[in-house]
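For reference, the structure is listed below as structure tokens.
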2 protein chains.
Amino acid sequence: MQDLAQQLNFILELDRLKAVYRKVMVKSDKNRQENSAEHSWHISMLAQTLHVYAAEPVNVARVTTMLLIHDIVEIDAGDTFAFAAQAELDAQEAKELDAANRIFGLLPEKQYQEMLNLWLEFEAAETNDAKFAKAMDRVLPLLQNMKNDGGSWAKHNVRKSEVIARNNLLDGLAPKLWTYVAEQIELAVENGWLLNE
Amino acid sequence: MQDLAQQLNFILELDRLKAVYRKVMVKSDKNRQENSAEHSWHISMLAQTLHVYAAEPVNVARVTTMLLIHDIVEIDAGDTFAFAAQAELDAQEAKELDAANRIFGLLPEKQYQEMLNLWLEFEAAETNDAKFAKAMDRVLPLLQNMKNDGGSWAKHNVRKSEVIARNNLLDGLAPKLWTYVAEQIELAVENGWLLNE
């Protein structure tokens, strides 16, 4: 029974991700901030739908698990805006590693190692699966902002070059998606939602 | 490009699941109601963690996809309390089938059929994967209510027999989980959170 107690403790701890709020707004729900739990669901669905565009086939099951777990560290480390200053992003990295060890460490040893390794693979973004998962995490806010008059971009004066740097891992990985995203970025500049620099 | 436009339209439509609120409360976030998007993430994580207890091995990837999509129909049909009157539950079934056809129907034909069939398999709860997925959807509210002074059970005068009827598909499917759940139900009665009938 000890394993089960650990697993259920982990599951109940996950409830706290529903209280971590992101900069992106949920247009469908009175334009409130989005939390990281519902975001994780949404990008998992994005991967389930768009994996067909991967130039080299990805393992959708692994990509999905990466996306389900990728933000769990925010329970301890909080969410950092993707376009925050580099020093803040670097500090976040160390906090997230501690968080991964604490939270995945609630699980029995074998599951702890499996989830930690998958999370590290996602963070490193070197394998094809991890790159594709990371791309999904980056494309969805773009789609949401485009449907929401620029959303968090417009509100926080984000630059075109920052959005390109964040999304151009799609180039080569899923060329058709990259073409679409690049067009959307130009459109956002035209609409005044991104700074043209 | 037509397929991609359909897929992105589907993904943006999914945003609306974040505005469908359930009876279960999120204790970690000021005890507000839980929405169906974050719930879908949480039970997907439950399946990823507890699949090891399945008496006959389940395909975790299929179970996870079922759980990610199982509540999407609520965008049109709304959430019905699990312990509502039978007539209400029956009416809900027809509304959900219409919703599945409309919402999965936003996708290109092949993906539409794949998601519809997986959703129908989940609803029928005849295959091992579907039974296990359904069990996950039923176990989590129990765990949440037990951590929250009876939560939605206590608030809506739910009976012990109803919770047993809803969870006893675990018996045989995952005996160790069923033993745990049966114990928790007894404890809920002792605590006055479930009616002893």
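So you can find residues: chains in the structure tokens are A, B, ... in the order shown, residues in each start at 1, and ligands are numbered from 1 in order.
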Using DSSP on the backbone coordinates, identify all residues within chain A classified as strand (DSSP E); present the result as a CSV table (one decimal) with N, CA, C and O atoms, in the first residue's frame.
```
chain,number,residue,atom,x,y,z
A,21,TYR,N,-1.5,30.9,-12.2
A,21,TYR,CA,-2.1,31.7,-13.3
A,21,TYR,C,-1.0,32.3,-14.2
A,21,TYR,O,0.0,32.8,-13.7
A,22,ARG,N,-1.3,32.2,-15.5
A,22,ARG,CA,-0.4,32.6,-16.5
A,22,ARG,C,-0.8,34.0,-17.1
A,22,ARG,O,-1.9,34.5,-16.7
A,23,LYS,N,0.1,34.5,-17.9
A,23,LYS,CA,-0.3,35.8,-18.5
A,23,LYS,C,-1.4,35.7,-19.6
A,23,LYS,O,-2.1,36.7,-19.8
A,24,VAL,N,-1.5,34.6,-20.2
A,24,VAL,CA,-2.4,34.4,-21.3
A,24,VAL,C,-3.9,34.5,-20.8
A,24,VAL,O,-4.1,34.0,-19.7
A,25,MET,N,-4.8,35.1,-21.5
A,25,MET,CA,-6.2,35.2,-21.1
A,25,MET,C,-7.1,34.2,-21.7
A,25,MET,O,-6.8,33.8,-22.9
A,26,VAL,N,-8.1,33.7,-21.0
A,26,VAL,CA,-9.1,32.8,-21.5
A,26,VAL,C,-10.2,33.6,-22.1
A,26,VAL,O,-11.1,34.1,-21.3
A,32,ARG,N,-10.6,36.0,-18.3
A,32,ARG,CA,-9.8,35.8,-17.1
A,32,ARG,C,-8.4,35.2,-17.4
A,32,ARG,O,-8.2,34.7,-18.6
A,33,GLN,N,-7.4,35.2,-16.5
A,33,GLN,CA,-6.2,34.6,-16.8
A,33,GLN,C,-6.3,33.1,-16.8
A,33,GLN,O,-7.2,32.5,-16.2
A,34,GLU,N,-5.5,32.5,-17.6
A,34,GLU,CA,-5.5,31.0,-17.8
A,34,GLU,C,-4.6,30.4,-16.7
A,34,GLU,O,-3.6,30.9,-16.4
A,35,ASN,N,-5.0,29.2,-16.2
A,35,ASN,CA,-4.1,28.6,-15.2
A,35,ASN,C,-3.4,27.4,-15.9
A,35,ASN,O,-3.7,27.0,-17.0
```
Which neighbours of B:Ala54 fall inside 12 Å, counting only C-alpha atoms, when residues of the same chain fewer than 2 positions from it are skipped, and could you give them as a ChimeraX atom specification?
/B:47-52,56-60,63,128-129,131-133,135-136,169-178
Those same residues - C-alpha atoms - I'd like them written as a CSV table (one decimal), in the first residue's frame.
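What ended up in again_27.csv:
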```
chain,number,residue,atom,x,y,z
B,47,ALA,CA,-4.1,7.5,-15.4
B,48,GLN,CA,-0.4,8.0,-16.1
B,49,THR,CA,0.3,7.3,-12.4
B,50,LEU,CA,-2.2,4.5,-11.6
B,51,HIS,CA,-2.2,2.4,-14.8
B,52,VAL,CA,0.2,0.1,-13.0
B,56,GLU,CA,-5.0,-6.7,-17.3
B,57,PRO,CA,-2.5,-4.2,-18.8
B,58,VAL,CA,-4.1,-1.1,-20.4
B,59,ASN,CA,-2.8,1.0,-23.3
B,60,VAL,CA,-1.9,4.1,-21.4
B,63,VAL,CA,-6.6,5.8,-22.1
B,128,ASN,CA,-10.6,-2.7,-20.9
B,129,ASP,CA,-9.1,0.7,-21.9
B,131,LYS,CA,-13.3,0.9,-18.4
B,132,PHE,CA,-10.0,2.0,-16.9
B,133,ALA,CA,-10.4,5.5,-18.3
B,135,ALA,CA,-12.7,4.5,-13.5
B,136,MET,CA,-10.1,7.3,-13.4
B,169,LEU,CA,-16.3,-1.1,-11.9
B,170,LEU,CA,-12.8,-1.0,-10.3
B,171,ASP,CA,-13.6,-4.4,-8.7
B,172,GLY,CA,-11.8,-6.9,-11.0
B,173,LEU,CA,-10.4,-4.1,-13.1
B,174,ALA,CA,-7.9,-2.9,-10.5
B,175,PRO,CA,-8.5,-4.8,-7.3
B,176,LYS,CA,-6.0,-2.9,-5.2
B,177,LEU,CA,-7.6,0.4,-6.1
B,178,TRP,CA,-11.1,-0.9,-5.4
```
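Interatomic distance, atom CA of A:Ser28 to atom CA of A:Arg62: 29.2 Å.
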Please measure the separation of atom CA of B:Ala125 and atom CA of B:Trp153, giving the value in Å to one decimal.
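So the two atoms, atom CA of B:Ala125 and atom CA of B:Trp153, lie 24.0 Å apart.
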Find the distance between atom CA of A:Lys160 and atom CA of A:Trp193 and write it in Å to one decimal.
9.1 Å
Residues of chain B within 6 Å of chain A, counting only C-alpha atoms - could you list those as a ChimeraX atom specification?
/B:16,19,28-29,37-38,41,61
Which residue, B:Met66, B:His156, B:Ile164, B:Ile103, has the smallest gap to B:Glu186 when you use only C-alpha atoms?
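Answer, going by the shortest atom-to-atom distance: B:Ile164.
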Could you name the residues that touch stretch 84-94 of chain B at 12 Å or less, counting only C-alpha atoms, but leaving out those on the same chain fewer than 2 positions away, as a list in words?
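The filter keeps Lys23, Val73, Glu74, Asp76, Ala77, Gly78, Asp79, Thr80, Phe81, Ala82, Glu96, Leu97, Asp98, Ala99, Ala100, Asn101, Leu120, Glu123, Ala124, Trp153, His156, Asn157, Val158, Arg159 and Glu162 of chain B.
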